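Reproduced below: protein-v4.txt, with compact mmCIF, C-alpha atoms.
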```txt
# COMPACT_ATOMS: atom_id res chain seq x y z
CA MET A 1 58.60 67.36 84.95
CA ASN A 2 59.72 63.91 86.04
CA ARG A 3 61.86 63.32 89.11
CA SER A 4 65.11 62.88 87.19
CA HIS A 5 64.61 66.25 85.42
CA LEU A 6 63.80 67.89 88.74
CA ALA A 7 66.96 66.41 90.30
CA VAL A 8 69.10 67.75 87.44
CA VAL A 9 67.55 71.22 87.77
CA ILE A 10 68.14 71.24 91.54
CA VAL A 11 71.76 70.11 91.20
CA LEU A 12 72.45 72.73 88.51
CA SER A 13 70.78 75.41 90.63
CA LEU A 14 72.92 74.55 93.64
CA ARG A 15 76.11 74.61 91.56
CA ILE A 16 75.53 78.21 90.44
CA LEU A 17 74.36 79.73 93.72
CA PRO A 18 76.82 82.29 95.15
CA GLY A 19 79.16 80.60 97.56
CA ALA A 20 78.53 77.14 96.15
CA PRO A 21 81.49 74.86 95.47
CA ASP A 22 83.53 75.85 92.39
CA SER A 23 81.76 79.23 92.06
CA GLN A 24 84.59 81.40 93.36
CA ALA A 25 83.73 80.34 96.90
CA ALA A 26 87.30 81.22 97.88
CA LEU A 27 86.69 84.95 97.34
CA VAL A 28 84.82 86.90 100.02
CA ASP A 29 84.12 90.60 99.48
CA PHE A 30 83.71 93.28 102.13
CA THR A 31 82.68 96.94 102.02
CA VAL A 32 84.02 99.64 104.28
CA ALA A 33 81.90 102.72 104.99
CA PRO A 34 84.01 104.97 107.22
CA ASN A 35 82.58 106.94 110.14
CA ALA A 36 79.48 104.83 110.45
CA ASP A 37 80.82 103.09 113.56
CA GLN A 38 82.95 105.59 115.47
CA VAL A 39 83.73 104.65 119.08
CA VAL A 40 81.09 105.87 121.51
CA GLY A 41 82.32 108.88 123.46
CA LEU A 42 84.99 109.77 120.91
CA ASP A 43 84.17 113.30 119.81
CA VAL A 44 85.07 113.60 116.12
CA ASP A 45 83.80 116.76 114.44
CA SER A 46 85.04 116.29 110.90
CA ALA A 47 83.69 116.52 107.37
CA ALA A 48 86.02 113.69 106.35
CA THR A 49 84.57 110.93 104.21
CA GLY A 50 85.86 107.73 102.76
CA ALA A 51 84.99 104.40 101.25
CA GLY A 52 86.67 101.17 100.43
CA TRP A 53 86.56 97.48 99.79
CA LEU A 54 88.45 94.44 100.94
CA ARG A 55 88.62 90.96 99.41
CA LEU A 56 89.64 87.78 101.21
CA ASN A 57 90.87 84.72 99.34
CA THR A 58 90.18 81.84 101.72
CA ASP A 59 92.43 79.48 99.72
CA THR A 60 95.55 81.65 100.06
CA HIS A 61 94.44 83.48 103.26
CA THR A 62 95.32 86.74 101.52
CA ILE A 63 93.44 90.02 101.72
CA VAL A 64 93.67 92.89 99.26
CA TRP A 65 92.12 96.31 99.84
CA SER A 66 91.57 99.77 98.44
CA LEU A 67 90.51 102.68 100.65
CA ILE A 68 90.01 106.33 99.69
CA THR A 69 89.53 109.37 101.91
CA SER A 70 88.67 113.03 101.38
CA ASN A 71 88.10 116.22 103.38
CA LEU A 72 90.39 115.18 106.23
CA THR A 73 91.43 117.91 108.68
CA GLY A 74 95.05 117.43 107.62
CA PRO A 75 97.56 114.92 106.30
CA LEU A 76 97.26 111.32 107.37
CA THR A 77 99.51 110.36 110.26
CA GLY A 78 98.61 106.68 110.17
CA ALA A 79 96.13 104.06 109.03
CA HIS A 80 95.55 100.53 110.27
CA TRP A 81 93.30 97.48 110.12
CA HIS A 82 92.18 96.73 113.69
CA GLY A 83 90.43 93.74 115.21
CA PRO A 84 88.64 91.98 116.68
CA ALA A 85 85.96 94.50 117.62
CA ALA A 86 82.28 95.06 117.04
CA PRO A 87 81.15 98.43 115.65
CA GLY A 88 81.86 101.18 118.18
CA GLU A 89 84.50 99.19 120.08
CA ASN A 90 88.31 99.49 120.07
CA ALA A 91 90.80 96.76 119.21
CA ASP A 92 94.50 96.24 118.59
CA VAL A 93 96.24 97.01 115.31
CA GLN A 94 96.38 93.97 113.03
CA ILE A 95 97.91 95.47 109.86
CA VAL A 96 99.64 98.82 109.27
CA LEU A 97 98.60 100.47 105.99
CA ASP A 98 100.69 102.67 103.72
CA HIS A 99 98.96 105.96 104.53
CA THR A 100 101.06 107.90 102.00
CA LEU A 101 98.77 106.64 99.22
CA ASN A 102 95.25 107.82 98.37
CA PRO A 103 93.67 105.49 97.57
CA MET A 104 95.44 103.27 100.09
CA VAL A 105 95.95 99.90 98.44
CA GLY A 106 97.69 96.85 99.75
CA SER A 107 97.61 93.19 100.62
CA ALA A 108 98.53 90.90 103.50
CA VAL A 109 98.37 87.27 104.51
CA LEU A 110 96.17 86.47 107.52
CA ASP A 111 96.55 83.75 110.10
CA SER A 112 93.57 81.47 110.79
CA ILE A 113 92.38 83.50 113.81
CA GLN A 114 92.48 86.78 111.88
CA GLU A 115 90.58 85.20 109.00
CA VAL A 116 87.77 84.03 111.29
CA GLN A 117 87.57 87.48 112.91
CA LEU A 118 87.35 89.17 109.52
CA LEU A 119 84.66 86.75 108.32
CA ASP A 120 82.71 87.55 111.51
CA ASN A 121 82.78 91.31 110.61
CA LEU A 122 85.09 92.06 113.55
CA TRP A 123 87.72 94.14 111.71
CA TYR A 124 87.71 97.86 111.04
CA VAL A 125 89.97 100.45 109.45
CA ASN A 126 91.07 103.51 111.40
CA ILE A 127 92.46 106.62 109.68
CA HIS A 128 94.53 108.96 111.90
CA THR A 129 95.40 112.66 111.52
CA ALA A 130 97.19 115.14 113.78
CA ALA A 131 93.84 116.67 114.81
CA TYR A 132 92.45 113.21 115.63
CA PRO A 133 95.33 110.97 116.73
CA THR A 134 92.91 108.27 117.92
CA GLY A 135 91.19 108.23 114.53
CA GLU A 136 89.37 110.73 112.36
CA ILE A 137 87.65 108.07 110.26
CA ARG A 138 86.73 104.55 111.29
CA GLY A 139 84.94 101.99 109.14
CA GLN A 140 83.87 98.45 109.90
CA ALA A 141 84.66 95.85 107.22
CA LEU A 142 81.30 94.24 106.48
CA ARG A 143 80.92 91.07 104.45
CA VAL A 144 79.00 91.50 101.19
CA ILE A 145 76.22 88.95 100.76
CA PRO A 146 75.75 88.36 97.03
CA GLU A 147 72.28 88.52 95.52
CA PRO A 148 70.88 85.34 93.95
CA ALA A 149 72.18 84.71 90.46
CA THR A 150 69.85 85.54 87.58
CA VAL A 151 70.36 82.03 86.25
CA VAL A 152 68.90 80.57 89.43
CA LEU A 153 65.78 82.69 88.96
CA LEU A 154 65.51 81.54 85.35
CA VAL A 155 65.86 77.89 86.39
CA LEU A 156 63.17 78.31 89.04
CA GLY A 157 60.92 79.99 86.46
CA ALA A 158 61.52 77.11 84.06
CA MET A 159 60.60 74.63 86.79
CA CYS A 160 57.31 76.46 87.36
CA LEU A 161 56.62 76.52 83.61
CA PHE A 162 57.28 72.79 83.22
CA ARG A 163 55.20 72.02 86.28
CA SER A 164 52.25 74.09 85.00
CA ARG A 165 52.45 72.38 81.59
CA ARG A 166 52.47 68.97 83.21
CA ALA A 167 49.41 69.89 85.30
CA ARG A 168 47.40 70.49 82.11
```
Structure encoded using structure tokens:
Amino acid sequence: MNRSHLAVVIVLSLRILPGAPDSQAALVDFTVAPNADQVVGLDVDSAATGAGWLRLNTDTHTIVWSLITSNLTGPLTGAHWHGPAAPGENADVQIVLDHTLNPMVGSAVLDSIQEVQLLDNLWYVNIHTAAYPTGEIRGQALRVIPEPATVVLLVLGAMCLFRSRRAR
């Protein structure tokens, strides 16, 4: 493969990598796995479970989310996004959620500081019940790192094929 072909392949590969310009780089996905990061010393003895996702659009500074819970000790008394805090630490309420829904869905616009905190995995959701007013379920919002695109692997394979043919 000559240098101009190699340059084209490299440029095309970079254009389709996750997070590359013009490849939906404005959308950042997060997962939320409640109760994995409960505050140390907070005694929560509950069979409650939950899961969720959050998506940040860095162009509009908007987040959207969906969270679902089950097996709580009683009705929800509140739910919030908190930050900034590392797993196991407490932080102030950033956004109040509509806890009358299950799944809890919503959206909000973030300021620049909140956006940086979220991107640094420093936000968590806290689900409150009467039995656990400080939070029965807590889940850190963790950024999802996309796997390499299949096309990139195919391009790299093609480069190897062309290189091996040229070596003959």
Pick out the residues sitting within 7 Å of A:Ile68, and hand them over as a VMD selection string; count only C-alpha atoms, and ignore anything fewer than 6 positions along from it in its own chain. chain A and resid 50 to 52 102 to 104
Rounded to one decimal, what separation in Å do you get between atom CA of A:Thr77 and atom CA of A:Tyr132?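 About the pair atom CA of A:Thr77 and atom CA of A:Tyr132: they are 9.3 Å apart.
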What lies within 12 Å of A:Leu54 using only C-alpha atoms, ignoring chain neighbours under 6 positions off, as a PyMOL selection string? chain A and resi 27-33+62-67+81+104-108+118-119+121+123-125+139-144
Next, write the just-selected residues to a file, as an mmCIF file, in the frame of the given file, keeping C-alpha atoms as the atom set.
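Printed below is out-v7.cif as written:
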```cif
data_model
loop_
_atom_site.group_PDB
_atom_site.id
_atom_site.type_symbol
_atom_site.label_atom_id
_atom_site.label_comp_id
_atom_site.auth_asym_id
_atom_site.auth_seq_id
_atom_site.Cartn_x
_atom_site.Cartn_y
_atom_site.Cartn_z
ATOM 1 C CA LEU A 27 86.690 84.950 97.340
ATOM 2 C CA VAL A 28 84.820 86.900 100.020
ATOM 3 C CA ASP A 29 84.120 90.600 99.480
ATOM 4 C CA PHE A 30 83.710 93.280 102.130
ATOM 5 C CA THR A 31 82.680 96.940 102.020
ATOM 6 C CA VAL A 32 84.020 99.640 104.280
ATOM 7 C CA ALA A 33 81.900 102.720 104.990
ATOM 8 C CA THR A 62 95.320 86.740 101.520
ATOM 9 C CA ILE A 63 93.440 90.020 101.720
ATOM 10 C CA VAL A 64 93.670 92.890 99.260
ATOM 11 C CA TRP A 65 92.120 96.310 99.840
ATOM 12 C CA SER A 66 91.570 99.770 98.440
ATOM 13 C CA LEU A 67 90.510 102.680 100.650
ATOM 14 C CA TRP A 81 93.300 97.480 110.120
ATOM 15 C CA MET A 104 95.440 103.270 100.090
ATOM 16 C CA VAL A 105 95.950 99.900 98.440
ATOM 17 C CA GLY A 106 97.690 96.850 99.750
ATOM 18 C CA SER A 107 97.610 93.190 100.620
ATOM 19 C CA ALA A 108 98.530 90.900 103.500
ATOM 20 C CA LEU A 118 87.350 89.170 109.520
ATOM 21 C CA LEU A 119 84.660 86.750 108.320
ATOM 22 C CA ASN A 121 82.780 91.310 110.610
ATOM 23 C CA TRP A 123 87.720 94.140 111.710
ATOM 24 C CA TYR A 124 87.710 97.860 111.040
ATOM 25 C CA VAL A 125 89.970 100.450 109.450
ATOM 26 C CA GLY A 139 84.940 101.990 109.140
ATOM 27 C CA GLN A 140 83.870 98.450 109.900
ATOM 28 C CA ALA A 141 84.660 95.850 107.220
ATOM 29 C CA LEU A 142 81.300 94.240 106.480
ATOM 30 C CA ARG A 143 80.920 91.070 104.450
ATOM 31 C CA VAL A 144 79.000 91.500 101.190
#
```
Please compute the atom CA of A:Pro87-atom CA of A:Thr60 distance, one decimal, in Å. 27.1 Å
If you measure from atom CA of A:His82 to atom CA of A:Leu110, what distance in Å do you get, rounded to one decimal?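 A separation of 12.6 Å between them.
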Using 6 Å of padding on each side, determine the axis-aligned box around all atoms of stretch 120-129 of chain A present in the file and give its centre and edge lengths in Å to one decimal, as JSON.
```
{"center_x": 89.1, "center_y": 100.1, "center_z": 111.5, "size_x": 24.7, "size_y": 37.1, "size_z": 16.1}
```
Of the candidates A:Gly135, A:Pro75, A:Asn126, A:Asp45, which shows the shortest atom-to-atom distance to A:Ile95, using all atoms listed in the file?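 Nearest to A:Ile95: A:Asn126.
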For a quick check of understanding, using all atoms listed in the file, which of A:Leu101, A:Thr73, A:Pro84, A:Ala79 has the smallest distance to A:Ile127?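 Nearest candidate to A:Ile127 out of A:Leu101, A:Thr73, A:Pro84, A:Ala79: A:Ala79.
Among A:Ile113, A:Leu122, A:His128, A:Ala85, the residue with the shortest atom-to-atom distance to A:His99, counting all atoms listed in the file, is A:His128.
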Close residues, A:Asp111 itself excluded, 8 Å, only C-alpha atoms, min 3 positions apart in chain, as a ChimeraX atom specification: /A:61,114-115
